[in-house]
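Next comes entry_23.cif, a file with mmCIF, C-alpha atoms; chains and numbers go by the auth columns.
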```cif
data_my_file
#
loop_
_atom_site.group_PDB
_atom_site.id
_atom_site.type_symbol
_atom_site.label_atom_id
_atom_site.label_comp_id
_atom_site.label_asym_id
_atom_site.label_seq_id
_atom_site.Cartn_x
_atom_site.Cartn_y
_atom_site.Cartn_z
_atom_site.B_iso_or_equiv
_atom_site.auth_seq_id
_atom_site.auth_asym_id
ATOM 1 C CA MET A 1 62.291 75.354 109.497 0.00 1 A
ATOM 2 C CA LYS A 2 65.392 75.287 111.722 0.00 2 A
ATOM 3 C CA ARG A 3 67.503 74.116 108.759 0.00 3 A
ATOM 4 C CA MET A 4 66.305 77.085 106.670 0.00 4 A
ATOM 5 C CA SER A 5 67.176 79.557 109.482 0.00 5 A
ATOM 6 C CA THR A 6 70.659 78.115 109.843 0.00 6 A
ATOM 7 C CA TRP A 7 71.162 78.339 106.087 0.00 7 A
ATOM 8 C CA ARG A 8 70.023 81.985 106.039 0.00 8 A
ATOM 9 C CA ILE A 9 72.302 82.906 108.933 0.00 9 A
ATOM 10 C CA ALA A 10 75.264 81.171 107.279 0.00 10 A
ATOM 11 C CA THR A 11 74.520 82.906 103.961 0.00 11 A
ATOM 12 C CA ALA A 12 74.177 86.318 105.638 0.00 12 A
ATOM 13 C CA MET A 13 77.459 85.823 107.481 0.00 13 A
ATOM 14 C CA ALA A 14 79.252 84.864 104.265 0.00 14 A
ATOM 15 C CA VAL A 15 77.874 87.933 102.455 0.00 15 A
ATOM 16 C CA LEU A 16 78.893 90.238 105.323 0.00 16 A
ATOM 17 C CA ALA A 17 82.369 88.714 105.440 0.00 17 A
ATOM 18 C CA GLY A 18 82.710 89.288 101.697 0.00 18 A
ATOM 19 C CA LEU A 19 81.575 92.895 102.049 0.00 19 A
ATOM 20 C CA GLY A 20 84.087 93.489 104.826 0.00 20 A
ATOM 21 C CA THR A 21 86.872 92.224 102.590 0.00 21 A
ATOM 22 C CA ALA A 22 85.667 94.342 99.667 0.00 22 A
ATOM 23 C CA VAL A 23 85.474 97.484 101.795 0.00 23 A
ATOM 24 C CA SER A 24 88.936 97.010 103.296 0.00 24 A
ATOM 25 C CA ALA A 25 90.672 96.205 99.988 0.00 25 A
ATOM 26 C CA GLN A 26 92.562 99.164 98.553 0.00 26 A
ATOM 27 C CA ASP A 27 92.126 100.389 95.019 0.00 27 A
ATOM 28 C CA LYS A 28 95.757 101.336 94.351 0.00 28 A
ATOM 29 C CA TYR A 29 94.662 102.884 91.067 0.00 29 A
ATOM 30 C CA ALA A 30 92.796 105.592 93.004 0.00 30 A
ATOM 31 C CA LEU A 31 96.086 106.897 94.459 0.00 31 A
ATOM 32 C CA LYS A 32 97.604 110.176 93.305 0.00 32 A
ATOM 33 C CA SER A 33 101.008 111.589 94.202 0.00 33 A
ATOM 34 C CA PRO A 34 101.497 115.169 95.414 0.00 34 A
ATOM 35 C CA SER A 35 103.038 115.936 92.012 0.00 35 A
ATOM 36 C CA GLY A 36 99.758 114.955 90.345 0.00 36 A
ATOM 37 C CA ILE A 37 100.850 111.573 89.009 0.00 37 A
ATOM 38 C CA ALA A 38 97.962 109.127 89.234 0.00 38 A
ATOM 39 C CA PHE A 39 98.789 105.475 89.804 0.00 39 A
ATOM 40 C CA SER A 40 95.991 104.733 87.333 0.00 40 A
ATOM 41 C CA ASP A 41 98.283 106.111 84.582 0.00 41 A
ATOM 42 C CA PHE A 42 100.276 102.899 85.070 0.00 42 A
ATOM 43 C CA ARG A 43 97.362 100.471 84.943 0.00 43 A
ATOM 44 C CA GLY A 44 98.539 97.149 83.565 0.00 44 A
ATOM 45 C CA TYR A 45 102.174 97.627 84.645 0.00 45 A
ATOM 46 C CA GLU A 46 102.077 94.093 86.047 0.00 46 A
ATOM 47 C CA ASP A 47 102.206 92.816 82.466 0.00 47 A
ATOM 48 C CA TRP A 48 104.708 95.280 80.972 0.00 48 A
ATOM 49 C CA ALA A 49 107.942 94.001 79.461 0.00 49 A
ATOM 50 C CA VAL A 50 111.133 93.998 81.489 0.00 50 A
ATOM 51 C CA VAL A 51 113.686 96.657 80.562 0.00 51 A
ATOM 52 C CA SER A 52 116.345 95.866 83.128 0.00 52 A
ATOM 53 C CA SER A 53 116.997 94.841 86.704 0.00 53 A
ATOM 54 C CA ALA A 54 119.191 96.192 89.476 0.00 54 A
ATOM 55 C CA ARG A 55 120.185 95.356 93.021 0.00 55 A
ATOM 56 C CA THR A 56 121.404 97.318 96.000 0.00 56 A
ATOM 57 C CA ASP A 57 122.307 95.959 99.417 0.00 57 A
ATOM 58 C CA GLU A 58 118.715 96.676 100.479 0.00 58 A
ATOM 59 C CA VAL A 59 116.477 95.968 97.484 0.00 59 A
ATOM 60 C CA LEU A 60 116.000 94.085 94.237 0.00 60 A
ATOM 61 C CA LYS A 61 114.593 96.181 91.394 0.00 61 A
ATOM 62 C CA VAL A 62 112.831 95.217 88.212 0.00 62 A
ATOM 63 C CA ILE A 63 112.320 97.971 85.660 0.00 63 A
ATOM 64 C CA VAL A 64 109.371 97.527 83.308 0.00 64 A
ATOM 65 C CA ALA A 65 108.009 99.755 80.533 0.00 65 A
ATOM 66 C CA ASN A 66 104.755 100.139 78.656 0.00 66 A
ATOM 67 C CA PRO A 67 104.494 99.031 75.005 0.00 67 A
ATOM 68 C CA THR A 68 105.091 102.600 73.732 0.00 68 A
ATOM 69 C CA MET A 69 108.431 102.799 75.513 0.00 69 A
ATOM 70 C CA ILE A 70 109.460 99.227 74.648 0.00 70 A
ATOM 71 C CA LYS A 71 108.834 99.972 70.949 0.00 71 A
ATOM 72 C CA ALA A 72 111.064 103.071 71.246 0.00 72 A
ATOM 73 C CA TYR A 73 113.806 101.095 72.996 0.00 73 A
ATOM 74 C CA LYS A 74 113.720 98.495 70.230 0.00 74 A
ATOM 75 C CA ALA A 75 114.010 101.305 67.649 0.00 75 A
ATOM 76 C CA GLY A 76 117.225 102.467 69.328 0.00 76 A
ATOM 77 C CA VAL A 77 116.005 105.238 71.652 0.00 77 A
ATOM 78 C CA PRO A 78 117.779 106.910 73.368 0.00 78 A
ATOM 79 C CA GLY A 79 121.077 105.722 71.833 0.00 79 A
ATOM 80 C CA ASN A 80 120.001 106.967 68.410 0.00 80 A
ATOM 81 C CA GLY A 81 119.705 110.526 69.733 0.00 81 A
ATOM 82 C CA GLN A 82 115.913 110.500 69.672 0.00 82 A
ATOM 83 C CA PRO A 83 113.798 111.153 72.771 0.00 83 A
ATOM 84 C CA PHE A 84 111.219 108.725 74.059 0.00 84 A
ATOM 85 C CA PRO A 85 107.772 109.446 72.571 0.00 85 A
ATOM 86 C CA GLU A 86 104.923 111.027 74.462 0.00 86 A
ATOM 87 C CA GLY A 87 102.999 108.408 76.422 0.00 87 A
ATOM 88 C CA SER A 88 106.117 106.446 77.366 0.00 88 A
ATOM 89 C CA SER A 89 105.887 105.063 80.898 0.00 89 A
ATOM 90 C CA ILE A 90 108.337 103.123 83.014 0.00 90 A
ATOM 91 C CA ALA A 91 108.103 101.661 86.512 0.00 91 A
ATOM 92 C CA LYS A 92 110.834 100.531 88.876 0.00 92 A
ATOM 93 C CA LEU A 93 109.364 97.884 91.166 0.00 93 A
ATOM 94 C CA GLN A 94 111.339 97.233 94.323 0.00 94 A
ATOM 95 C CA TRP A 95 111.411 94.410 96.878 0.00 95 A
ATOM 96 C CA LYS A 96 113.488 93.635 99.931 0.00 96 A
ATOM 97 C CA HIS A 97 115.396 90.479 99.176 0.00 97 A
ATOM 98 C CA LYS A 98 116.153 87.291 101.022 0.00 98 A
ATOM 99 C CA LYS A 99 118.137 84.148 100.385 0.00 99 A
ATOM 100 C CA SER A 100 116.135 81.460 98.668 0.00 100 A
ATOM 101 C CA THR A 101 115.356 78.570 100.964 0.00 101 A
ATOM 102 C CA GLU A 102 114.516 76.329 98.007 0.00 102 A
ATOM 103 C CA ALA A 103 117.358 76.823 95.533 0.00 103 A
ATOM 104 C CA THR A 104 120.297 74.459 95.764 0.00 104 A
ATOM 105 C CA PHE A 105 122.649 77.387 95.094 0.00 105 A
ATOM 106 C CA ASP A 106 123.183 80.797 96.711 0.00 106 A
ATOM 107 C CA VAL A 107 120.617 83.207 95.279 0.00 107 A
ATOM 108 C CA ASN A 108 118.579 86.142 96.551 0.00 108 A
ATOM 109 C CA VAL A 109 114.901 86.360 95.652 0.00 109 A
ATOM 110 C CA PRO A 110 112.243 89.032 96.208 0.00 110 A
ATOM 111 C CA ASP A 111 110.718 89.096 99.676 0.00 111 A
ATOM 112 C CA VAL A 112 108.287 91.931 100.421 0.00 112 A
ATOM 113 C CA PRO A 113 107.585 94.884 98.114 0.00 113 A
ATOM 114 C CA THR A 114 108.928 98.283 99.168 0.00 114 A
ATOM 115 C CA GLN A 115 108.161 100.810 96.431 0.00 115 A
ATOM 116 C CA ALA A 116 106.943 101.462 92.941 0.00 116 A
ATOM 117 C CA PHE A 117 108.833 104.374 91.366 0.00 117 A
ATOM 118 C CA VAL A 118 106.914 105.500 88.271 0.00 118 A
ATOM 119 C CA ILE A 119 107.766 107.890 85.457 0.00 119 A
ATOM 120 C CA GLU A 120 105.607 109.081 82.572 0.00 120 A
ATOM 121 C CA LYS A 121 106.398 111.204 79.512 0.00 121 A
ATOM 122 C CA ASN A 122 103.978 114.072 78.963 0.00 122 A
ATOM 123 C CA SER A 123 105.743 117.243 77.835 0.00 123 A
ATOM 124 C CA LYS A 124 102.628 119.398 78.201 0.00 124 A
ATOM 125 C CA ARG A 125 102.072 118.391 81.844 0.00 125 A
ATOM 126 C CA PHE A 126 105.748 118.329 82.837 0.00 126 A
ATOM 127 C CA PRO A 127 107.602 120.946 80.742 0.00 127 A
ATOM 128 C CA LYS A 128 109.989 121.894 83.571 0.00 128 A
ATOM 129 C CA THR A 129 111.304 118.343 84.069 0.00 129 A
ATOM 130 C CA GLY A 130 112.311 117.371 80.549 0.00 130 A
ATOM 131 C CA GLY A 131 108.766 116.211 79.823 0.00 131 A
ATOM 132 C CA TRP A 132 108.814 113.531 82.531 0.00 132 A
ATOM 133 C CA GLY A 133 106.606 113.261 85.615 0.00 133 A
ATOM 134 C CA TYR A 134 107.913 111.308 88.600 0.00 134 A
ATOM 135 C CA ALA A 135 106.275 109.703 91.630 0.00 135 A
ATOM 136 C CA VAL A 136 106.997 107.115 94.284 0.00 136 A
ATOM 137 C CA PHE A 137 104.375 104.898 95.876 0.00 137 A
ATOM 138 C CA ASN A 138 105.394 103.067 99.064 0.00 138 A
ATOM 139 C CA HIS A 139 104.184 99.617 100.065 0.00 139 A
ATOM 140 C CA ASP A 140 103.100 99.155 103.684 0.00 140 A
ATOM 141 C CA ASN A 141 103.445 95.423 104.166 0.00 141 A
ATOM 142 C CA ALA A 142 101.683 95.486 107.548 0.00 142 A
ATOM 143 C CA THR A 143 98.465 96.765 105.943 0.00 143 A
ATOM 144 C CA GLY A 144 99.009 95.560 102.385 0.00 144 A
ATOM 145 C CA LYS A 145 98.358 99.087 101.104 0.00 145 A
ATOM 146 C CA MET A 146 100.271 101.613 99.057 0.00 146 A
ATOM 147 C CA THR A 147 100.692 105.320 99.786 0.00 147 A
ATOM 148 C CA PRO A 148 102.138 108.185 97.737 0.00 148 A
ATOM 149 C CA ASP A 149 105.547 109.320 98.965 0.00 149 A
ATOM 150 C CA ALA A 150 105.496 113.107 99.366 0.00 150 A
ATOM 151 C CA ALA A 151 109.196 113.393 100.222 0.00 151 A
ATOM 152 C CA THR A 152 110.484 111.981 96.943 0.00 152 A
ATOM 153 C CA SER A 153 107.788 112.938 94.429 0.00 153 A
ATOM 154 C CA ASP A 154 110.079 115.518 92.787 0.00 154 A
ATOM 155 C CA CYS A 155 113.305 113.527 93.148 0.00 155 A
ATOM 156 C CA GLY A 156 113.141 112.132 89.649 0.00 156 A
ATOM 157 C CA HIS A 157 114.212 115.113 87.591 0.00 157 A
ATOM 158 C CA VAL A 158 116.888 116.229 90.051 0.00 158 A
ATOM 159 C CA CYS A 159 118.333 112.729 90.260 0.00 159 A
ATOM 160 C CA HIS A 160 117.913 112.079 86.548 0.00 160 A
ATOM 161 C CA VAL A 161 119.832 115.157 85.326 0.00 161 A
ATOM 162 C CA ALA A 162 122.932 112.925 85.207 0.00 162 A
ATOM 163 C CA VAL A 163 121.306 111.061 82.290 0.00 163 A
ATOM 164 C CA LYS A 164 119.817 114.052 80.451 0.00 164 A
ATOM 165 C CA SER A 165 121.575 112.890 77.250 0.00 165 A
ATOM 166 C CA LYS A 166 119.600 109.628 77.542 0.00 166 A
ATOM 167 C CA ASP A 167 116.284 111.483 77.851 0.00 167 A
ATOM 168 C CA TYR A 168 116.525 111.262 81.660 0.00 168 A
ATOM 169 C CA ILE A 169 116.305 107.461 81.790 0.00 169 A
ATOM 170 C CA PHE A 170 118.971 105.491 83.687 0.00 170 A
ATOM 171 C CA HIS A 171 118.257 101.940 82.611 0.00 171 A
ATOM 172 C CA PRO A 172 119.062 100.801 79.097 0.00 172 A
ATOM 173 C CA TYR A 173 117.037 98.113 77.436 0.00 173 A
ATOM 174 C CA GLN A 174 119.022 94.958 78.166 0.00 174 A
ATOM 175 C CA LYS A 175 119.982 92.683 75.299 0.00 175 A
ATOM 176 C CA ARG A 176 118.082 89.424 75.135 0.00 176 A
#
```

Hey, can you dump this file as structure tokens for me?
Amino acid sequence: MKRMSTWRIATAMAVLAGLGTAVSAQDKYALKSPSGIAFSDFRGYEDWAVVSSARTDEVLKVIVANPTMIKAYKAGVPGNGQPFPEGSSIAKLQWKHKKSTEATFDVNVPDVPTQAFVIEKNSKRFPKTGGWGYAVFNHDNATGKMTPDAATSDCGHVCHVAVKSKDYIFHPYQKR
């Protein structure tokens, strides 16, 4: 009888611990930026193809795009004068960097994530910004959660005017 009670208590504790973890885990796909961009519009971005990479003194960036946009890049957009098709999406994933402690040469590697800057092409929803919607989602490494960035949600079109002739996209598809 005592063995059965101990087993039940252990089982109940394990279930409660699991529920606590499930309740505290964030569903990043439930987030929405002040500009109306839902993070769920970028579901699967973890598996998108790499377009390019970049580095500043502060962060490493990897730019990935959905299959619609990758197909357009491979067809020559925007260099061929054509715009990206509706449904194109691109994400700039950013990390602080650090020196690798394992490599036998001097190289920086990603450390902790900082932001996900996302852009989606939907001319009906975003007619005033060249058809593109922009949002930034910040990573809080202390909590492991993401939050929409209100201060920069409209930055995209203003910043991207410099590349209007490239359908507002900075990063070219890098040769392989």

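Among the candidate residues A:Arg55, A:Lys145, A:Lys74, A:Lys99, the one lying nearest to Ala30 of chain A is A:Lys145, with distances computed using all atoms listed in the file.
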
Query raised in the report: When you draw a straight line from atom CA of Tyr29 of chain A to atom CA of Tyr173 of chain A, how long is it in Å?
Result: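 Computing the Euclidean distance for atom CA of Tyr29 of chain A and atom CA of Tyr173 of chain A yields 26.6 Å.
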
Query raised in the report: the PyMOL selection byres ((chain A and resi 42-51) around 10) on the file shown: which residues, as a PyMOL selection string?
Result: chain A and resi 28-29+37-41+52-53+62-67+69-70+73+89-93+118-120+171-175

Requested in this report: Run through the PyMOL selection byres ((chain A and resi 57) around 12) on the given coordinates and return the selected residues as a PyMOL selection string.
Outcome: chain A and resi 54-56+58-61+95-98+108

Query raised in the report: What is the distance, in Å and to one decimal place, between atom CA of Gly133 of chain A and atom CA of Thr114 of chain A?
Result: 20.3 Å

Query raised in the report: So how far away is atom CA of Tyr168 of chain A from atom CA of Trp132 of chain A, in Å?
Result: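 Interatomic distance here is 8.1 Å.
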
Requested in this report: Apply the PyMOL selection byres ((chain A and resi 83) around 12) to the structure shown and report the selected residues as a ChimeraX atom specification.
Outcome: /A:69,72-73,75-82,84-88,121-123,130-132,164-169

Query raised in the report: Which one is closest to Ala135 of chain A: A:Asp111, A:Asp27, A:Asp149, A:Glu102? Count all atoms listed in the file.
Result: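 Ranked by minimum distance to Ala135 of chain A, first place goes to A:Asp149.
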
Requested in this report: Mind checking which residues fall within 8 Å of Phe137 of chain A, counting all atoms listed in the file, ignoring those fewer than 5 positions away in the same chain, and posting them as a PyMOL selection string?
Outcome: chain A and resi 33+115-117+146-149

Query - Selection near Ser100 of chain A, 10 Å with all atoms listed in the file, sequence-local residues under 4 positions removed, as a ChimeraX atom specification - result: /A:104-111

Report task. Excluding Asn141 of chain A and residues on its chain fewer than 2 positions from it, collect all residues at most 8 Å away from it, counting all atoms listed in the file, and give them as a PyMOL selection string. Result -> chain A and resi 112-114+139+143-145

Padded axis-aligned box of segment 90-104 of chain A (3 Å per side), centre and edge lengths, Å, one decimal, as AutoDock Vina command-line options:
```
--center_x 114.2 --center_y 88.8 --center_z 92.0 --size_x 18.2 --size_y 34.7 --size_z 24.0
```

Write a file for segment 114-125 of chain A of the given structure; include all heavy atoms and format it as a PDB file, in the first residue's frame.
```pdb
ATOM      1  N   THR A 114      18.958  38.072 -30.516  1.00  0.00           N
ATOM      2  CA  THR A 114      18.548  39.429 -30.146  1.00  0.00           C
ATOM      3  C   THR A 114      17.225  39.817 -30.774  1.00  0.00           C
ATOM      4  O   THR A 114      16.357  40.358 -30.097  1.00  0.00           O
ATOM      5  CB  THR A 114      19.614  40.472 -30.530  1.00  0.00           C
ATOM      6  OG1 THR A 114      19.823  40.436 -31.942  1.00  0.00           O
ATOM      7  CG2 THR A 114      20.923  40.216 -29.803  1.00  0.00           C
ATOM      8  N   GLN A 115      17.064  39.553 -32.074  1.00  0.00           N
ATOM      9  CA  GLN A 115      15.845  39.978 -32.764  1.00  0.00           C
ATOM     10  C   GLN A 115      15.541  39.078 -33.950  1.00  0.00           C
ATOM     11  O   GLN A 115      16.427  38.433 -34.504  1.00  0.00           O
ATOM     12  CB  GLN A 115      15.983  41.396 -33.324  1.00  0.00           C
ATOM     13  CG  GLN A 115      16.053  42.483 -32.302  1.00  0.00           C
ATOM     14  CD  GLN A 115      16.165  43.849 -32.961  1.00  0.00           C
ATOM     15  OE1 GLN A 115      16.884  44.036 -33.941  1.00  0.00           O
ATOM     16  NE2 GLN A 115      15.454  44.818 -32.411  1.00  0.00           N
ATOM     17  N   ALA A 116      14.283  39.130 -34.339  1.00  0.00           N
ATOM     18  CA  ALA A 116      13.839  38.591 -35.618  1.00  0.00           C
ATOM     19  C   ALA A 116      13.127  39.743 -36.313  1.00  0.00           C
ATOM     20  O   ALA A 116      12.096  40.226 -35.835  1.00  0.00           O
ATOM     21  CB  ALA A 116      12.907  37.404 -35.434  1.00  0.00           C
ATOM     22  N   PHE A 117      13.708  40.224 -37.410  1.00  0.00           N
ATOM     23  CA  PHE A 117      13.115  41.294 -38.207  1.00  0.00           C
ATOM     24  C   PHE A 117      12.434  40.604 -39.375  1.00  0.00           C
ATOM     25  O   PHE A 117      13.089  39.884 -40.143  1.00  0.00           O
ATOM     26  CB  PHE A 117      14.214  42.244 -38.696  1.00  0.00           C
ATOM     27  CG  PHE A 117      13.703  43.387 -39.529  1.00  0.00           C
ATOM     28  CD1 PHE A 117      13.214  44.532 -38.931  1.00  0.00           C
ATOM     29  CD2 PHE A 117      13.720  43.315 -40.906  1.00  0.00           C
ATOM     30  CE1 PHE A 117      12.741  45.595 -39.699  1.00  0.00           C
ATOM     31  CE2 PHE A 117      13.262  44.369 -41.686  1.00  0.00           C
ATOM     32  CZ  PHE A 117      12.771  45.509 -41.077  1.00  0.00           C
ATOM     33  N   VAL A 118      11.125  40.767 -39.516  1.00  0.00           N
ATOM     34  CA  VAL A 118      10.361  40.022 -40.514  1.00  0.00           C
ATOM     35  C   VAL A 118       9.677  40.974 -41.489  1.00  0.00           C
ATOM     36  O   VAL A 118       9.277  42.079 -41.125  1.00  0.00           O
ATOM     37  CB  VAL A 118       9.335  39.083 -39.841  1.00  0.00           C
ATOM     38  CG1 VAL A 118      10.039  38.010 -39.010  1.00  0.00           C
ATOM     39  CG2 VAL A 118       8.355  39.857 -38.963  1.00  0.00           C
ATOM     40  N   ILE A 119       9.560  40.530 -42.727  1.00  0.00           N
ATOM     41  CA  ILE A 119       8.946  41.327 -43.777  1.00  0.00           C
ATOM     42  C   ILE A 119       8.080  40.389 -44.621  1.00  0.00           C
ATOM     43  O   ILE A 119       8.505  39.296 -44.986  1.00  0.00           O
ATOM     44  CB  ILE A 119      10.016  41.961 -44.696  1.00  0.00           C
ATOM     45  CG1 ILE A 119      11.110  42.645 -43.885  1.00  0.00           C
ATOM     46  CG2 ILE A 119       9.381  42.932 -45.668  1.00  0.00           C
ATOM     47  CD1 ILE A 119      12.311  43.060 -44.726  1.00  0.00           C
ATOM     48  N   GLU A 120       6.868  40.849 -44.942  1.00  0.00           N
ATOM     49  CA  GLU A 120       6.011  40.046 -45.813  1.00  0.00           C
ATOM     50  C   GLU A 120       5.387  40.898 -46.899  1.00  0.00           C
ATOM     51  O   GLU A 120       5.078  42.065 -46.690  1.00  0.00           O
ATOM     52  CB  GLU A 120       4.930  39.317 -45.008  1.00  0.00           C
ATOM     53  CG  GLU A 120       3.933  40.194 -44.299  1.00  0.00           C
ATOM     54  CD  GLU A 120       2.896  39.397 -43.525  1.00  0.00           C
ATOM     55  OE1 GLU A 120       2.360  38.417 -44.069  1.00  0.00           O
ATOM     56  OE2 GLU A 120       2.622  39.773 -42.384  1.00  0.00           O
ATOM     57  N   LYS A 121       5.228  40.323 -48.085  1.00  0.00           N
ATOM     58  CA  LYS A 121       4.670  41.030 -49.239  1.00  0.00           C
ATOM     59  C   LYS A 121       3.181  40.724 -49.339  1.00  0.00           C
ATOM     60  O   LYS A 121       2.774  39.587 -49.537  1.00  0.00           O
ATOM     61  CB  LYS A 121       5.391  40.584 -50.518  1.00  0.00           C
ATOM     62  CG  LYS A 121       4.903  41.261 -51.789  1.00  0.00           C
ATOM     63  CD  LYS A 121       5.623  42.559 -52.014  1.00  0.00           C
ATOM     64  CE  LYS A 121       5.268  43.243 -53.296  1.00  0.00           C
ATOM     65  NZ  LYS A 121       6.333  43.267 -54.282  1.00  0.00           N
ATOM     66  N   ASN A 122       2.388  41.784 -49.161  1.00  0.00           N
ATOM     67  CA  ASN A 122       0.937  41.691 -49.296  1.00  0.00           C
ATOM     68  C   ASN A 122       0.459  43.090 -49.674  1.00  0.00           C
ATOM     69  O   ASN A 122       0.208  43.934 -48.819  1.00  0.00           O
ATOM     70  CB  ASN A 122       0.295  41.215 -47.993  1.00  0.00           C
ATOM     71  CG  ASN A 122      -1.197  41.013 -48.124  1.00  0.00           C
ATOM     72  OD1 ASN A 122      -1.876  41.751 -48.837  1.00  0.00           O
ATOM     73  ND2 ASN A 122      -1.711  40.023 -47.419  1.00  0.00           N
ATOM     74  N   SER A 123       0.364  43.340 -50.967  1.00  0.00           N
ATOM     75  CA  SER A 123       0.041  44.678 -51.469  1.00  0.00           C
ATOM     76  C   SER A 123      -1.318  45.179 -51.027  1.00  0.00           C
ATOM     77  O   SER A 123      -1.519  46.388 -50.899  1.00  0.00           O
ATOM     78  CB  SER A 123       0.134  44.691 -52.993  1.00  0.00           C
ATOM     79  OG  SER A 123       1.459  44.408 -53.387  1.00  0.00           O
ATOM     80  N   LYS A 124      -2.256  44.298 -50.786  1.00  0.00           N
ATOM     81  CA  LYS A 124      -3.586  44.735 -50.322  1.00  0.00           C
ATOM     82  C   LYS A 124      -3.523  45.222 -48.881  1.00  0.00           C
ATOM     83  O   LYS A 124      -4.153  46.210 -48.534  1.00  0.00           O
ATOM     84  CB  LYS A 124      -4.599  43.603 -50.470  1.00  0.00           C
ATOM     85  CG  LYS A 124      -4.944  43.313 -51.912  1.00  0.00           C
ATOM     86  CD  LYS A 124      -5.949  42.210 -52.054  1.00  0.00           C
ATOM     87  CE  LYS A 124      -6.183  41.967 -53.542  1.00  0.00           C
ATOM     88  NZ  LYS A 124      -6.861  40.730 -53.803  1.00  0.00           N
ATOM     89  N   ARG A 125      -2.772  44.537 -48.029  1.00  0.00           N
ATOM     90  CA  ARG A 125      -2.659  44.931 -46.620  1.00  0.00           C
ATOM     91  C   ARG A 125      -1.724  46.113 -46.420  1.00  0.00           C
ATOM     92  O   ARG A 125      -1.909  46.897 -45.495  1.00  0.00           O
ATOM     93  CB  ARG A 125      -2.141  43.758 -45.778  1.00  0.00           C
ATOM     94  CG  ARG A 125      -3.201  42.771 -45.382  1.00  0.00           C
ATOM     95  CD  ARG A 125      -2.653  41.691 -44.475  1.00  0.00           C
ATOM     96  NE  ARG A 125      -2.235  42.194 -43.177  1.00  0.00           N
ATOM     97  CZ  ARG A 125      -1.422  41.538 -42.358  1.00  0.00           C
ATOM     98  NH1 ARG A 125      -0.943  40.363 -42.706  1.00  0.00           N
ATOM     99  NH2 ARG A 125      -1.094  42.046 -41.201  1.00  0.00           N
TER     100      ARG A 125
END
```
